[in-house]
Each structure stands twice: as structure tokens, then as C-alpha cells.
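Shown next: input17.cif, given as mmCIF, C-alpha atoms and all ligand atoms.
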```cif
data_final
#
loop_
_atom_site.label_atom_id
_atom_site.label_comp_id
_atom_site.auth_asym_id
_atom_site.auth_seq_id
_atom_site.Cartn_x
_atom_site.Cartn_y
_atom_site.Cartn_z
CA THR A 20 0.00 0.00 0.00
CA ILE A 21 1.02 3.61 -0.31
CA LYS A 22 1.22 3.76 3.47
CA GLU A 23 3.66 0.84 3.59
CA LEU A 24 5.78 2.51 0.91
CA GLU A 25 5.78 5.78 2.84
CA ASP A 26 6.99 3.95 5.94
CA TYR A 27 9.68 2.29 3.87
CA PHE A 28 10.97 5.59 2.47
CA ILE A 29 11.00 7.17 5.92
CA SER A 30 12.97 4.17 7.21
CA ILE A 31 15.69 4.77 4.61
CA ASN A 32 15.75 8.53 5.28
CA GLU A 33 13.99 9.43 2.09
CA LYS A 34 11.06 11.79 1.59
CA LYS A 35 7.77 10.02 1.92
CA PHE A 36 6.36 11.56 -1.28
CA ARG A 37 8.56 9.06 -3.12
CA ALA A 38 5.78 6.57 -2.35
CA VAL A 39 3.43 8.55 -4.57
CA GLN A 40 6.08 8.61 -7.30
CA VAL A 41 6.43 4.82 -7.14
CA TYR A 42 2.68 4.43 -7.27
CA GLU A 43 2.45 6.73 -10.29
CA ALA A 44 5.13 4.74 -12.07
CA LEU A 45 3.54 1.40 -11.25
CA TYR A 46 -0.13 2.10 -11.71
CA LYS A 47 -0.38 5.08 -14.04
CA ARG A 48 2.60 4.50 -16.30
CA ARG A 49 2.63 0.75 -15.77
CA ILE A 50 6.41 0.57 -15.92
CA LYS A 51 7.97 -2.89 -16.01
CA SER A 52 11.40 -2.34 -14.45
CA PHE A 53 13.11 -0.13 -11.89
CA ASP A 54 15.06 1.59 -14.66
CA ASP A 55 11.79 2.76 -16.18
CA MET A 56 11.06 4.73 -13.00
CA THR A 57 12.51 7.83 -14.59
CA ASN A 58 10.64 10.09 -12.18
CA ILE A 59 12.88 8.78 -9.38
CA SER A 60 16.60 9.47 -8.94
CA LYS A 61 19.06 6.77 -9.97
CA GLU A 62 20.33 6.49 -6.42
CA VAL A 63 16.88 5.74 -5.01
CA ARG A 64 16.20 3.32 -7.86
CA GLU A 65 19.33 1.35 -6.93
CA LYS A 66 18.09 1.13 -3.36
CA LEU A 67 14.67 -0.05 -4.57
CA LYS A 68 16.38 -2.74 -6.66
CA GLN A 69 18.02 -4.08 -3.52
CA ASP A 70 14.87 -4.16 -1.45
CA PHE A 71 12.12 -5.10 -3.92
CA SER A 72 11.56 -7.16 -7.01
CA PHE A 73 9.24 -7.04 -9.95
CA TYR A 74 7.14 -10.11 -10.04
CA LYS A 75 4.48 -11.05 -12.50
CA ILE A 76 1.99 -13.83 -12.27
CA LYS A 77 1.96 -15.80 -15.53
CA MET A 78 -1.10 -15.90 -17.78
CA LEU A 79 -1.43 -19.56 -18.79
CA ILE A 80 -4.81 -19.79 -20.45
CA LYS A 81 -7.37 -17.36 -21.78
CA GLN A 82 -10.84 -18.59 -22.76
CA GLN A 83 -13.16 -16.25 -24.59
CA GLY A 84 -16.94 -16.51 -24.38
CA LYS A 85 -19.74 -14.16 -25.25
CA ASN A 86 -18.87 -10.97 -23.33
CA VAL A 87 -16.74 -12.98 -20.90
CA ASN A 88 -13.06 -13.86 -20.75
CA LYS A 89 -11.73 -16.37 -18.29
CA TYR A 90 -8.07 -16.47 -17.33
CA LEU A 91 -5.91 -19.05 -15.60
CA PHE A 92 -2.74 -17.69 -13.98
CA GLU A 93 0.29 -19.39 -12.52
CA LEU A 94 1.86 -17.93 -9.40
CA GLU A 95 5.58 -17.88 -8.74
CA ASP A 96 5.32 -21.02 -6.59
CA GLY A 97 3.45 -22.93 -9.32
CA ASN A 98 -0.02 -22.58 -7.77
CA LYS A 99 -2.82 -21.69 -10.15
CA ILE A 100 -5.64 -19.20 -9.78
CA GLU A 101 -8.36 -17.90 -12.05
CA SER A 102 -10.07 -14.61 -12.82
CA VAL A 103 -13.08 -13.73 -14.94
CA LEU A 104 -13.60 -10.58 -16.95
CA MET A 105 -17.08 -9.48 -18.00
CA PHE A 106 -17.96 -6.86 -20.58
CA HIS A 107 -21.13 -4.90 -19.72
CA ASP A 108 -22.79 -1.93 -21.33
CA TYR A 109 -21.73 0.12 -18.27
CA GLY A 110 -18.07 -0.99 -18.33
CA THR A 111 -15.90 -3.99 -17.57
CA SER A 112 -15.92 -5.94 -14.34
CA ILE A 113 -13.38 -8.38 -13.06
CA CYS A 114 -13.98 -11.22 -10.65
CA VAL A 115 -10.72 -11.91 -8.81
CA SER A 116 -9.55 -14.82 -6.68
CA SER A 117 -8.34 -14.14 -3.15
CA GLN A 118 -6.91 -17.53 -2.16
CA VAL A 119 -5.42 -20.67 -3.69
CA GLY A 120 -8.24 -23.11 -2.93
CA CYS A 121 -10.87 -22.47 -0.27
CA ASN A 122 -11.65 -23.96 3.13
CA MET A 123 -15.35 -23.14 3.19
CA THR A 124 -16.51 -26.37 1.44
CA CYS A 125 -19.90 -25.07 0.30
CA ALA A 126 -21.72 -28.10 -1.10
CA PHE A 127 -22.51 -26.57 -4.49
CA CYS A 128 -19.21 -24.82 -5.16
CA GLU A 129 -16.29 -26.13 -7.16
CA SER A 130 -13.68 -23.88 -5.53
CA GLY A 131 -13.64 -25.84 -2.29
CA ARG A 132 -12.63 -29.08 -4.01
CA LEU A 133 -9.11 -27.94 -3.34
CA LYS A 134 -8.61 -27.01 0.30
CA LYS A 135 -6.90 -23.71 0.89
CA VAL A 136 -3.24 -23.98 0.00
CA ARG A 137 -2.45 -20.41 0.93
CA ASN A 138 -3.73 -16.87 0.95
CA LEU A 139 -2.94 -14.64 -2.00
CA LEU A 140 -0.78 -11.66 -1.18
CA ALA A 141 -2.18 -8.25 -2.02
CA TYR A 142 -0.03 -7.81 -5.11
CA GLU A 143 -1.08 -11.21 -6.48
CA ILE A 144 -4.66 -9.99 -6.47
CA VAL A 145 -3.67 -6.61 -7.96
CA GLN A 146 -1.73 -8.40 -10.70
CA GLN A 147 -4.89 -10.13 -11.91
CA ILE A 148 -6.26 -6.69 -12.76
CA LEU A 149 -3.06 -5.28 -14.25
CA GLN A 150 -2.51 -8.24 -16.54
CA ILE A 151 -6.06 -8.43 -17.77
CA GLU A 152 -6.13 -4.68 -18.44
CA GLU A 153 -2.99 -5.14 -20.49
CA ASP A 154 -4.54 -8.09 -22.32
CA ILE A 155 -7.71 -6.24 -23.31
CA ASN A 156 -6.03 -2.84 -23.59
CA LYS A 157 -8.86 -1.28 -21.63
CA ARG A 158 -9.42 -0.09 -18.10
CA ILE A 159 -11.44 -2.26 -15.74
CA THR A 160 -14.22 -0.27 -14.08
CA HIS A 161 -15.64 -2.69 -11.50
CA VAL A 162 -14.06 -5.24 -9.18
CA VAL A 163 -15.81 -8.13 -7.41
CA LEU A 164 -14.15 -10.48 -4.96
CA MET A 165 -16.13 -13.50 -6.07
CA GLY A 166 -13.46 -15.75 -7.54
CA ILE A 167 -11.81 -18.62 -5.71
CA GLY A 168 -11.40 -18.12 -1.98
CA GLU A 169 -13.13 -16.52 0.95
CA PRO A 170 -12.02 -12.87 1.12
CA PHE A 171 -12.74 -12.61 4.85
CA ASP A 172 -10.49 -15.62 5.46
CA ASN A 173 -7.67 -13.47 4.01
CA TYR A 174 -8.75 -10.19 5.50
CA ASP A 175 -5.54 -8.12 5.71
CA ASN A 176 -4.28 -8.95 2.22
CA VAL A 177 -7.71 -8.27 0.76
CA MET A 178 -7.93 -4.90 2.50
CA ASN A 179 -4.44 -3.97 1.29
CA PHE A 180 -5.38 -5.04 -2.22
CA LEU A 181 -8.48 -2.85 -2.10
CA ALA A 182 -6.53 0.10 -0.71
CA THR A 183 -4.32 0.03 -3.82
CA VAL A 184 -7.21 -0.54 -6.20
CA ASN A 185 -9.23 2.25 -4.67
CA HIS A 186 -6.44 4.83 -4.17
CA ASP A 187 -6.55 7.60 -6.77
CA ARG A 188 -2.78 7.28 -7.25
CA GLY A 189 -3.28 3.52 -7.58
CA LEU A 190 -5.88 2.05 -9.91
CA GLY A 191 -8.42 4.68 -8.92
CA ILE A 192 -11.46 2.42 -9.00
CA GLY A 193 -14.24 3.98 -6.90
CA SER A 194 -15.32 2.15 -3.78
CA ARG A 195 -18.91 1.92 -4.98
CA HIS A 196 -17.55 -0.06 -7.92
CA ILE A 197 -15.94 -2.63 -5.62
CA THR A 198 -17.83 -5.56 -4.09
CA ILE A 199 -16.63 -8.03 -1.48
CA SER A 200 -18.59 -11.25 -1.22
CA THR A 201 -18.43 -13.36 1.92
CA CYS A 202 -19.99 -16.63 3.04
CA GLY A 203 -20.48 -15.02 6.44
CA ILE A 204 -17.40 -14.97 8.68
CA VAL A 205 -19.05 -13.02 11.47
CA PRO A 206 -16.05 -11.52 13.34
CA ARG A 207 -14.67 -10.13 10.07
CA ILE A 208 -18.05 -8.60 9.21
CA TYR A 209 -17.77 -6.59 12.44
CA ASP A 210 -14.16 -5.63 11.60
CA PHE A 211 -15.25 -4.57 8.16
CA ALA A 212 -18.19 -2.58 9.50
CA ASN A 213 -15.87 -0.72 11.84
CA GLU A 214 -13.53 0.31 9.02
CA HIS A 215 -16.28 2.43 7.47
CA THR A 216 -15.10 1.97 3.91
CA GLN A 217 -17.60 2.52 1.13
CA TYR A 218 -16.98 -0.82 -0.62
CA ASN A 219 -20.09 -2.89 -1.26
CA LEU A 220 -20.58 -5.97 0.85
CA ALA A 221 -22.55 -8.99 -0.41
CA ILE A 222 -23.46 -11.91 1.81
CA SER A 223 -23.79 -15.40 0.34
CA LEU A 224 -26.96 -16.58 2.03
CA HIS A 225 -28.24 -19.46 -0.14
CA ALA A 226 -30.61 -20.84 2.54
CA PRO A 227 -33.28 -19.26 4.74
CA ASN A 228 -32.97 -21.60 7.74
CA ASP A 229 -30.13 -23.11 9.75
CA GLU A 230 -30.99 -26.71 8.96
CA LEU A 231 -30.59 -26.22 5.22
CA ARG A 232 -27.76 -23.71 5.48
CA ASP A 233 -25.79 -26.14 7.69
CA LYS A 234 -26.02 -28.66 4.87
CA LEU A 235 -25.15 -26.29 2.04
CA MET A 236 -22.60 -24.10 3.80
CA PRO A 237 -20.64 -25.65 6.68
CA VAL A 238 -19.56 -22.15 7.80
CA ASN A 239 -23.09 -21.94 9.21
CA HIS A 240 -22.13 -24.33 12.02
CA ALA A 241 -19.63 -21.77 13.28
CA TYR A 242 -21.75 -18.69 12.51
CA PRO A 243 -25.45 -19.57 12.38
CA LEU A 244 -28.06 -17.32 10.82
CA LYS A 245 -28.98 -15.44 13.99
CA GLU A 246 -25.37 -14.33 14.54
CA LEU A 247 -24.88 -13.62 10.86
CA MET A 248 -27.98 -11.45 10.68
CA GLU A 249 -26.96 -9.49 13.77
CA ALA A 250 -23.53 -8.80 12.27
CA VAL A 251 -25.01 -7.79 8.94
CA LYS A 252 -27.50 -5.46 10.61
CA TYR A 253 -24.66 -3.88 12.57
CA TYR A 254 -22.76 -3.32 9.32
CA GLY A 255 -25.83 -1.77 7.71
CA GLN A 256 -26.40 0.60 10.62
CA GLU A 257 -22.75 1.60 11.06
CA ASN A 258 -22.32 2.31 7.38
CA ASN A 259 -25.81 3.36 6.44
CA ARG A 260 -25.79 0.86 3.60
CA ARG A 261 -28.41 -1.26 1.98
CA LEU A 262 -27.67 -4.95 2.45
CA THR A 263 -27.13 -7.32 -0.43
CA PHE A 264 -27.69 -11.04 -0.15
CA GLU A 265 -26.76 -13.58 -2.80
CA TYR A 266 -29.02 -16.58 -3.21
CA ILE A 267 -28.25 -19.33 -5.70
CA LEU A 268 -31.40 -21.08 -6.86
CA LEU A 269 -30.87 -24.84 -6.51
CA ASN A 270 -33.67 -26.84 -8.05
CA GLY A 271 -35.84 -28.51 -5.40
CA VAL A 272 -33.40 -27.64 -2.62
CA ASN A 273 -33.88 -23.98 -1.65
CA ASP A 274 -36.39 -22.72 -4.21
CA ARG A 275 -39.70 -23.94 -2.71
CA PRO A 276 -42.50 -21.56 -1.71
CA GLU A 277 -41.77 -22.15 1.98
CA HIS A 278 -38.20 -20.94 1.41
CA ALA A 279 -39.47 -17.69 -0.06
CA LYS A 280 -41.69 -17.23 3.02
CA GLN A 281 -38.82 -17.97 5.40
CA LEU A 282 -36.61 -15.52 3.54
CA SER A 283 -39.13 -12.75 3.86
CA LYS A 284 -39.34 -13.41 7.61
CA LEU A 285 -35.57 -13.46 7.94
CA LEU A 286 -35.14 -10.14 6.14
CA HIS A 287 -38.20 -8.47 7.60
CA GLY A 288 -37.60 -4.83 8.47
CA MET A 289 -34.13 -4.76 6.93
CA ASN A 290 -33.06 -2.43 4.15
CA ALA A 291 -32.01 -5.39 2.04
CA TYR A 292 -32.33 -6.98 -1.32
CA ILE A 293 -31.65 -10.43 -2.66
CA ASN A 294 -29.69 -11.14 -5.79
CA LEU A 295 -31.07 -14.42 -7.13
CA ILE A 296 -28.32 -16.30 -8.97
CA PRO A 297 -28.99 -19.00 -11.54
CA TYR A 298 -26.86 -21.95 -10.46
CA ASN A 299 -24.02 -22.60 -12.86
CA ALA A 300 -24.21 -26.39 -12.95
CA VAL A 301 -21.01 -28.09 -11.88
CA ASP A 302 -20.30 -31.69 -12.93
CA GLU A 303 -20.55 -34.22 -10.11
CA LYS A 304 -22.11 -31.91 -7.56
CA GLY A 305 -25.60 -33.25 -8.08
CA PHE A 306 -27.41 -29.89 -7.89
CA LYS A 307 -29.56 -28.69 -10.75
CA SER A 308 -30.20 -25.17 -11.88
CA VAL A 309 -33.70 -23.77 -12.29
CA SER A 310 -35.28 -22.65 -15.56
CA HIS A 311 -35.95 -18.98 -16.12
CA ASP A 312 -39.66 -19.57 -15.49
CA GLU A 313 -38.97 -21.35 -12.20
CA ALA A 314 -36.70 -18.49 -11.12
CA MET A 315 -39.51 -16.05 -11.97
CA VAL A 316 -41.95 -17.96 -9.75
CA PHE A 317 -39.57 -17.64 -6.80
CA TYR A 318 -38.92 -14.00 -7.65
CA ASP A 319 -42.65 -13.24 -7.72
CA LEU A 320 -43.17 -14.97 -4.38
CA LEU A 321 -40.44 -12.89 -2.78
CA MET A 322 -41.81 -9.66 -4.23
CA LYS A 323 -45.27 -10.59 -2.99
CA ASN A 324 -43.75 -11.04 0.46
CA HIS A 325 -42.16 -7.59 0.23
CA VAL A 326 -38.59 -8.74 -0.35
CA ARG A 327 -36.79 -6.73 -3.00
CA CYS A 328 -34.85 -8.89 -5.40
CA THR A 329 -33.20 -9.11 -8.78
CA ILE A 330 -32.26 -12.07 -10.94
CA ARG A 331 -28.61 -12.01 -11.89
CA LYS A 332 -27.86 -12.18 -15.57
CA GLU A 333 -25.89 -15.27 -16.40
CA HIS A 334 -22.41 -14.80 -17.75
CA GLY A 335 -19.91 -17.35 -18.76
CA ASN A 336 -21.72 -20.64 -18.48
CA ASP A 337 -20.39 -21.42 -21.95
CA ILE A 338 -16.81 -21.26 -20.67
CA ASP A 339 -16.61 -22.86 -17.18
CA ALA A 340 -16.79 -19.46 -15.53
CA ALA A 341 -18.36 -20.50 -12.23
CA CYS A 342 -16.05 -20.38 -9.24
CA GLY A 343 -13.22 -22.85 -9.57
CA GLN A 344 -14.38 -24.56 -12.74
CA LEU A 345 -11.55 -23.71 -15.11
CA ARG A 346 -8.88 -24.46 -12.56
CA ILE A 347 -10.36 -27.86 -11.74
CA LYS A 348 -10.61 -28.74 -15.42
CA GLU A 349 -6.95 -27.95 -16.00
CA ILE A 350 -5.91 -29.92 -12.94
CA LYS A 351 -7.94 -32.91 -14.15
CA LYS A 352 -6.19 -32.70 -17.52
CA GLU A 353 -2.84 -32.78 -15.79
CA GLY A 354 -4.05 -35.86 -13.94
CA ILE A 355 -3.35 -34.51 -10.46
N1 LIG B 1 -16.30 -17.03 -0.71
C1 LIG B 1 -17.07 -15.90 -1.11
C2 LIG B 1 -16.82 -15.44 -2.53
C3 LIG B 1 -16.63 -16.46 -3.62
S1 LIG B 1 -17.99 -17.17 -4.46
C4 LIG B 1 -18.54 -16.16 -0.88
O1 LIG B 1 -18.89 -17.26 -0.48
O2 LIG B 1 -19.34 -15.24 -1.05
C5 LIG B 1 -18.99 -15.92 -5.12
C6 LIG B 1 -20.44 -16.35 -5.18
O3 LIG B 1 -20.65 -17.39 -6.17
C7 LIG B 1 -20.93 -16.92 -3.86
O4 LIG B 1 -22.22 -16.42 -3.58
C8 LIG B 1 -20.98 -18.40 -4.17
O5 LIG B 1 -21.82 -19.08 -3.27
C9 LIG B 1 -21.44 -18.42 -5.61
N2 LIG B 1 -21.22 -19.69 -6.34
C10 LIG B 1 -20.36 -20.69 -6.08
N3 LIG B 1 -20.50 -21.69 -6.98
C11 LIG B 1 -21.47 -21.31 -7.83
C12 LIG B 1 -22.08 -21.93 -8.97
N4 LIG B 1 -21.70 -23.12 -9.42
N5 LIG B 1 -23.07 -21.25 -9.60
C13 LIG B 1 -23.46 -20.01 -9.17
N6 LIG B 1 -22.93 -19.39 -8.11
C14 LIG B 1 -21.94 -20.04 -7.44
#
```
Do you think you could lay out the structure here as C-alpha cells?
Amino acid sequence: TIKELEDYFISINEKKFRAVQVYEALYKRRIKSFDDMTNISKEVREKLKQDFSFYKIKMLIKQQGKNVNKYLFELEDGNKIESVLMFHDYGTSICVSSQVGCNMTCAFCESGRLKKVRNLLAYEIVQQILQIEEDINKRITHVVLMGIGEPFDNYDNVMNFLATVNHDRGLGIGSRHITISTCGIVPRIYDFANEHTQYNLAISLHAPNDELRDKLMPVNHAYPLKELMEAVKYYGQENNRRLTFEYILLNGVNDRPEHAKQLSKLLHGMNAYINLIPYNAVDEKGFKSVSHDEAMVFYDLLMKNHVRCTIRKEHGNDIDAACGQLRIKEIKKEGI
């Protein structure tokens, strides 16, 4: 972050505004080597060379679909991560990964097939954006943390990543254009609420009662709905924000009329809305997606029960773009 760079320059008896100069070189001019930092004296550049290194994650695969690109990257230690780029009429959004693997083991999600190997460092998340911007030769306007990993299980790196993305000397992407999605790690929701950032927060709900949510999302054992809802309400009050819940429609599992009723009870009195997500069917998981008409029935029931909701437009189901799908396919090919 710019703050860390400022501390570094102070520690070597340099002016702290050098941090801004480094940021400008990295994120505005997109320089690729220390010698390209022509706005910084040669002496300081030599010092930077000793203390830092340029490191790029490697783009291994790019798949192109209709208005969607999916990328597989290799990290320096050989681990692989994926990112998805979507072209919209309002701009371009990127879905970045925050961890190698994921420990949350949601029943319907492919990402958790590989347990968390490690957290991504802030720059490894930033690099996903830089490289894709270079690939498409266009600026990315929106960022969502909905790739592989649980962002709130890698809280500090994710916050540092966002600080750089959001900083006007960094990538300059506005906080209202940034969305963090969490499966509901309650203590981190409180931490996040207390930071008073303006990033959007989305909660993966996917079930309206503990019995079903325990089955679909094991994180619910640790942080059941009552605790989750309290934390989310606290966040909403502290930050004066409307609450967003994600809800994948799984055929016959969480899309019955009683589920719509339970949802409306759960969200009663909250300034909230539900984003209904068509399930992107994953081989071997056994869940089925709903048809558009079935989704509409659920949508109507929610609206009738005074729950505001939208149905998310599907992107990328022609190219394995649901969480973890591309990575798993490549690993299968390699026979690991
Ligand atoms: N760990 C975070 C962010 C990653 S997943 C979280 O749980 O929110 C981003 C969203 O995609 C989550 O709501 C997740 O439940 C959902 N998701 C996972 N697999 C999916 C699939 N096959 N089809 C549709 N949505 C999926």
C-alpha cells in the first residue's frame, strides 16, 4: 500500500512523497522495471532494486466466451488461480480470486474441491487486474471479490489489495464499484463494519434456515443465521448501507415456496435486497439449476412477500466461468 511505501521511504531517510512517485510509475505509467522509474533518482532506484523485485503472475490460459473472458494464472510457486472478466454496457468488471483453494466447502461450489493452500498476497490480487487490463487494452471499471477463496479468510491482504485498487494514485477504482462477497465470517463482518469503507458488501446466504444452510454451507455451524444477521444489521447501521444477499437457486433444494416465506421473515424490516443467482451447474455436484420460469416464480413470491430482489444475468456458463471450474478442469487434464 502507499502507506507501507511511505513507511519504507521514511525508514531509509527518504522523503515520503517518493511513495506517490512509485505508485504513479507502477499504476499510471505501468512501468515494467526499476530503470523505467525515470521520475525517481538513480540512487533511489538502486536502493529499490536491492529491497524489492518485480514479479508477475503468468497468464497460462485465456478462454473467450460471449462478453466474458476467463483467465488461468500461474503464481511464482506454481499454484494456479483464475479470474473472470465481463464486458457490460456500463463498463468492464473483473472477478478476482483471493486464495489458492478455499476452506469453506460449500456443497454446491467447485472452488472448495481444493482445500486452501495459501492466501494470496495483495499484489497477487492486484496483478490479476493489471494483466487483464494489459490483455484487453482497456481499463477495468468494477471489481468483485467472487473468484476462488473466501475474502474474509484473508482479510488483511484483501484490505491492502483494495486500498491500492481504490487509491486515486493507484488504480483509482471507486469504492462503490468494488464488491466483497463473503460466506459469512461473522467476526470479520464486524471488523469490516468498523472500518467504514464505502466498498459494497454482499453476503452469500443461499438458505433461509439453519438446517438447510448447515447442509449447504458448513460455515453456518460456526456462525449460524442469527449471529450472521446481527452482524449484517450492525454493518448496515454503522455504514448506512443497503444490504445485499446472494441466493443461488438450486432446483428442489432452496427454491420452494416455503423458502421464499422464510426468507421474507428473515429479512423483515431490513433495508435489504436479494440477488437471485442462476446456479451454474457443476459436474458431479448433483445440484440442478432452475429454468428462467422457475426463477420467476420464486422472484414473484419474494416480491409478494415484500422482499426486494433481482435475478442475476448469467455470464460465462459457456466457458466454465463458475467459481473454480476452469482451474479444476486444468488440474484434471494434468491428472493430479
Ligand atoms: N467465498 C465468497 C466469494 C466467492 S464465491 C462467498 O462465499 O461469497 C462468489 C459467489 O458465487 C458466492 O455467492 C458463491 O456461493 C457463488 N457460487 C459458487 N459456486 C457457484 C455456482 N456453481 N453457480 C453459481 N454461483 C456459485
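The residue set within 6 Å of segment 102-110 of chain A, counting only C-alpha atoms and dropping same-chain residues fewer than 2 places from it, reads Asn86, Val87, Asn88, Lys89, Tyr90, Ser112, Ile113, Cys114, Val115 and Thr160 of chain A.
Considering all atoms listed in the file, the residue among A:Thr111, A:Gln146, A:Thr198, A:Thr57 positioned nearest to Met165 of chain A is A:Thr198.
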For Phe28 of chain A, find every residue with an atom within 12 Å (counting all atoms listed in the file), except residues of its own chain fewer than 4 positions away, and show them as a ChimeraX atom specification. /A:21-24,32-41,63-64,66-67,70
Any residue with an atom at most 8 Å from ligand LIG 1 (chain B) counts, using all atoms listed in the file. Which are they? Put them as number ranges by chain. A: 116, 121, 123, 125, 127-130, 164-171, 199-203, 221-225, 265-267, 296-301, 341-343
Between atom CA of Leu285 of chain A and atom CA of Met322 of chain A, distance in Å (one decimal): 14.2 Å
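Atom CA of Tyr242 of chain A to atom CA of Val205 of chain A spans 6.4 Å [interatomic distance, one decimal].
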Nearby residues (only C-alpha atoms) at most 8 Å from Gly120 of chain A, same-chain spacing under 4 positions excluded, as a count of residues only: 10
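In terms of minimum interatomic distance to Ile80 of chain A, A:Ile100 ranks closest within A:Leu262, A:Leu231, A:Ala226, A:Ile100, counting all atoms listed in the file.
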Repaired coordinates for segment 53-72 of chain A (N, CA, C and O atoms) as a PDB file, keeping the file's coordinate frame:
```
ATOM      1  N   PHE A  53      12.695  -1.272 -12.716  1.00  0.00           N
ATOM      2  CA  PHE A  53      13.110  -0.130 -11.890  1.00  0.00           C
ATOM      3  C   PHE A  53      13.706   0.979 -12.756  1.00  0.00           C
ATOM      4  O   PHE A  53      13.510   2.154 -12.490  1.00  0.00           O
ATOM      5  N   ASP A  54      14.418   0.576 -13.823  1.00  0.00           N
ATOM      6  CA  ASP A  54      15.060   1.590 -14.660  1.00  0.00           C
ATOM      7  C   ASP A  54      14.050   2.448 -15.413  1.00  0.00           C
ATOM      8  O   ASP A  54      14.373   3.549 -15.854  1.00  0.00           O
ATOM      9  N   ASP A  55      12.829   1.938 -15.539  1.00  0.00           N
ATOM     10  CA  ASP A  55      11.790   2.760 -16.180  1.00  0.00           C
ATOM     11  C   ASP A  55      11.201   3.810 -15.237  1.00  0.00           C
ATOM     12  O   ASP A  55      10.393   4.643 -15.651  1.00  0.00           O
ATOM     13  N   MET A  56      11.578   3.743 -13.968  1.00  0.00           N
ATOM     14  CA  MET A  56      11.060   4.730 -13.000  1.00  0.00           C
ATOM     15  C   MET A  56      11.837   6.024 -13.148  1.00  0.00           C
ATOM     16  O   MET A  56      12.572   6.454 -12.239  1.00  0.00           O
ATOM     17  N   THR A  57      11.680   6.667 -14.279  1.00  0.00           N
ATOM     18  CA  THR A  57      12.510   7.830 -14.590  1.00  0.00           C
ATOM     19  C   THR A  57      12.149   9.046 -13.753  1.00  0.00           C
ATOM     20  O   THR A  57      12.880  10.034 -13.741  1.00  0.00           O
ATOM     21  N   ASN A  58      11.013   8.976 -13.064  1.00  0.00           N
ATOM     22  CA  ASN A  58      10.640  10.090 -12.180  1.00  0.00           C
ATOM     23  C   ASN A  58      11.346   9.993 -10.825  1.00  0.00           C
ATOM     24  O   ASN A  58      11.101  10.801  -9.942  1.00  0.00           O
ATOM     25  N   ILE A  59      12.196   8.983 -10.667  1.00  0.00           N
ATOM     26  CA  ILE A  59      12.880   8.780  -9.380  1.00  0.00           C
ATOM     27  C   ILE A  59      14.388   8.749  -9.626  1.00  0.00           C
ATOM     28  O   ILE A  59      14.844   8.176 -10.625  1.00  0.00           O
ATOM     29  N   SER A  60      15.146   9.370  -8.722  1.00  0.00           N
ATOM     30  CA  SER A  60      16.600   9.470  -8.940  1.00  0.00           C
ATOM     31  C   SER A  60      17.251   8.092  -9.026  1.00  0.00           C
ATOM     32  O   SER A  60      16.754   7.123  -8.444  1.00  0.00           O
ATOM     33  N   LYS A  61      18.379   8.042  -9.739  1.00  0.00           N
ATOM     34  CA  LYS A  61      19.060   6.770  -9.970  1.00  0.00           C
ATOM     35  C   LYS A  61      19.461   6.121  -8.637  1.00  0.00           C
ATOM     36  O   LYS A  61      19.327   4.910  -8.462  1.00  0.00           O
ATOM     37  N   GLU A  62      19.896   6.977  -7.729  1.00  0.00           N
ATOM     38  CA  GLU A  62      20.330   6.490  -6.420  1.00  0.00           C
ATOM     39  C   GLU A  62      19.200   5.749  -5.692  1.00  0.00           C
ATOM     40  O   GLU A  62      19.385   4.647  -5.177  1.00  0.00           O
ATOM     41  N   VAL A  63      18.026   6.368  -5.690  1.00  0.00           N
ATOM     42  CA  VAL A  63      16.880   5.740  -5.010  1.00  0.00           C
ATOM     43  C   VAL A  63      16.469   4.472  -5.762  1.00  0.00           C
ATOM     44  O   VAL A  63      16.114   3.463  -5.155  1.00  0.00           O
ATOM     45  N   ARG A  64      16.551   4.509  -7.068  1.00  0.00           N
ATOM     46  CA  ARG A  64      16.200   3.320  -7.860  1.00  0.00           C
ATOM     47  C   ARG A  64      17.104   2.141  -7.505  1.00  0.00           C
ATOM     48  O   ARG A  64      16.640   1.007  -7.390  1.00  0.00           O
ATOM     49  N   GLU A  65      18.382   2.424  -7.295  1.00  0.00           N
ATOM     50  CA  GLU A  65      19.330   1.350  -6.930  1.00  0.00           C
ATOM     51  C   GLU A  65      18.938   0.745  -5.583  1.00  0.00           C
ATOM     52  O   GLU A  65      18.975  -0.465  -5.403  1.00  0.00           O
ATOM     53  N   LYS A  66      18.516   1.607  -4.680  1.00  0.00           N
ATOM     54  CA  LYS A  66      18.090   1.130  -3.360  1.00  0.00           C
ATOM     55  C   LYS A  66      16.823   0.260  -3.506  1.00  0.00           C
ATOM     56  O   LYS A  66      16.712  -0.801  -2.889  1.00  0.00           O
ATOM     57  N   LEU A  67      15.910   0.705  -4.350  1.00  0.00           N
ATOM     58  CA  LEU A  67      14.670  -0.050  -4.570  1.00  0.00           C
ATOM     59  C   LEU A  67      14.992  -1.440  -5.132  1.00  0.00           C
ATOM     60  O   LEU A  67      14.399  -2.441  -4.746  1.00  0.00           O
ATOM     61  N   LYS A  68      15.971  -1.465  -6.059  1.00  0.00           N
ATOM     62  CA  LYS A  68      16.380  -2.740  -6.660  1.00  0.00           C
ATOM     63  C   LYS A  68      16.845  -3.737  -5.611  1.00  0.00           C
ATOM     64  O   LYS A  68      16.615  -4.931  -5.725  1.00  0.00           O
ATOM     65  N   GLN A  69      17.531  -3.189  -4.578  1.00  0.00           N
ATOM     66  CA  GLN A  69      18.020  -4.080  -3.520  1.00  0.00           C
ATOM     67  C   GLN A  69      16.872  -4.631  -2.671  1.00  0.00           C
ATOM     68  O   GLN A  69      16.908  -5.769  -2.223  1.00  0.00           O
ATOM     69  N   ASP A  70      15.895  -3.803  -2.439  1.00  0.00           N
ATOM     70  CA  ASP A  70      14.870  -4.160  -1.450  1.00  0.00           C
ATOM     71  C   ASP A  70      13.589  -4.774  -2.038  1.00  0.00           C
ATOM     72  O   ASP A  70      12.785  -5.346  -1.307  1.00  0.00           O
ATOM     73  N   PHE A  71      13.371  -4.606  -3.318  1.00  0.00           N
ATOM     74  CA  PHE A  71      12.120  -5.100  -3.920  1.00  0.00           C
ATOM     75  C   PHE A  71      12.409  -5.859  -5.208  1.00  0.00           C
ATOM     76  O   PHE A  71      13.509  -5.795  -5.738  1.00  0.00           O
ATOM     77  N   SER A  72      11.388  -6.560  -5.689  1.00  0.00           N
ATOM     78  CA  SER A  72      11.560  -7.160  -7.010  1.00  0.00           C
ATOM     79  C   SER A  72      10.268  -7.021  -7.798  1.00  0.00           C
ATOM     80  O   SER A  72       9.184  -6.894  -7.219  1.00  0.00           O
TER      81      SER A  72
END
```
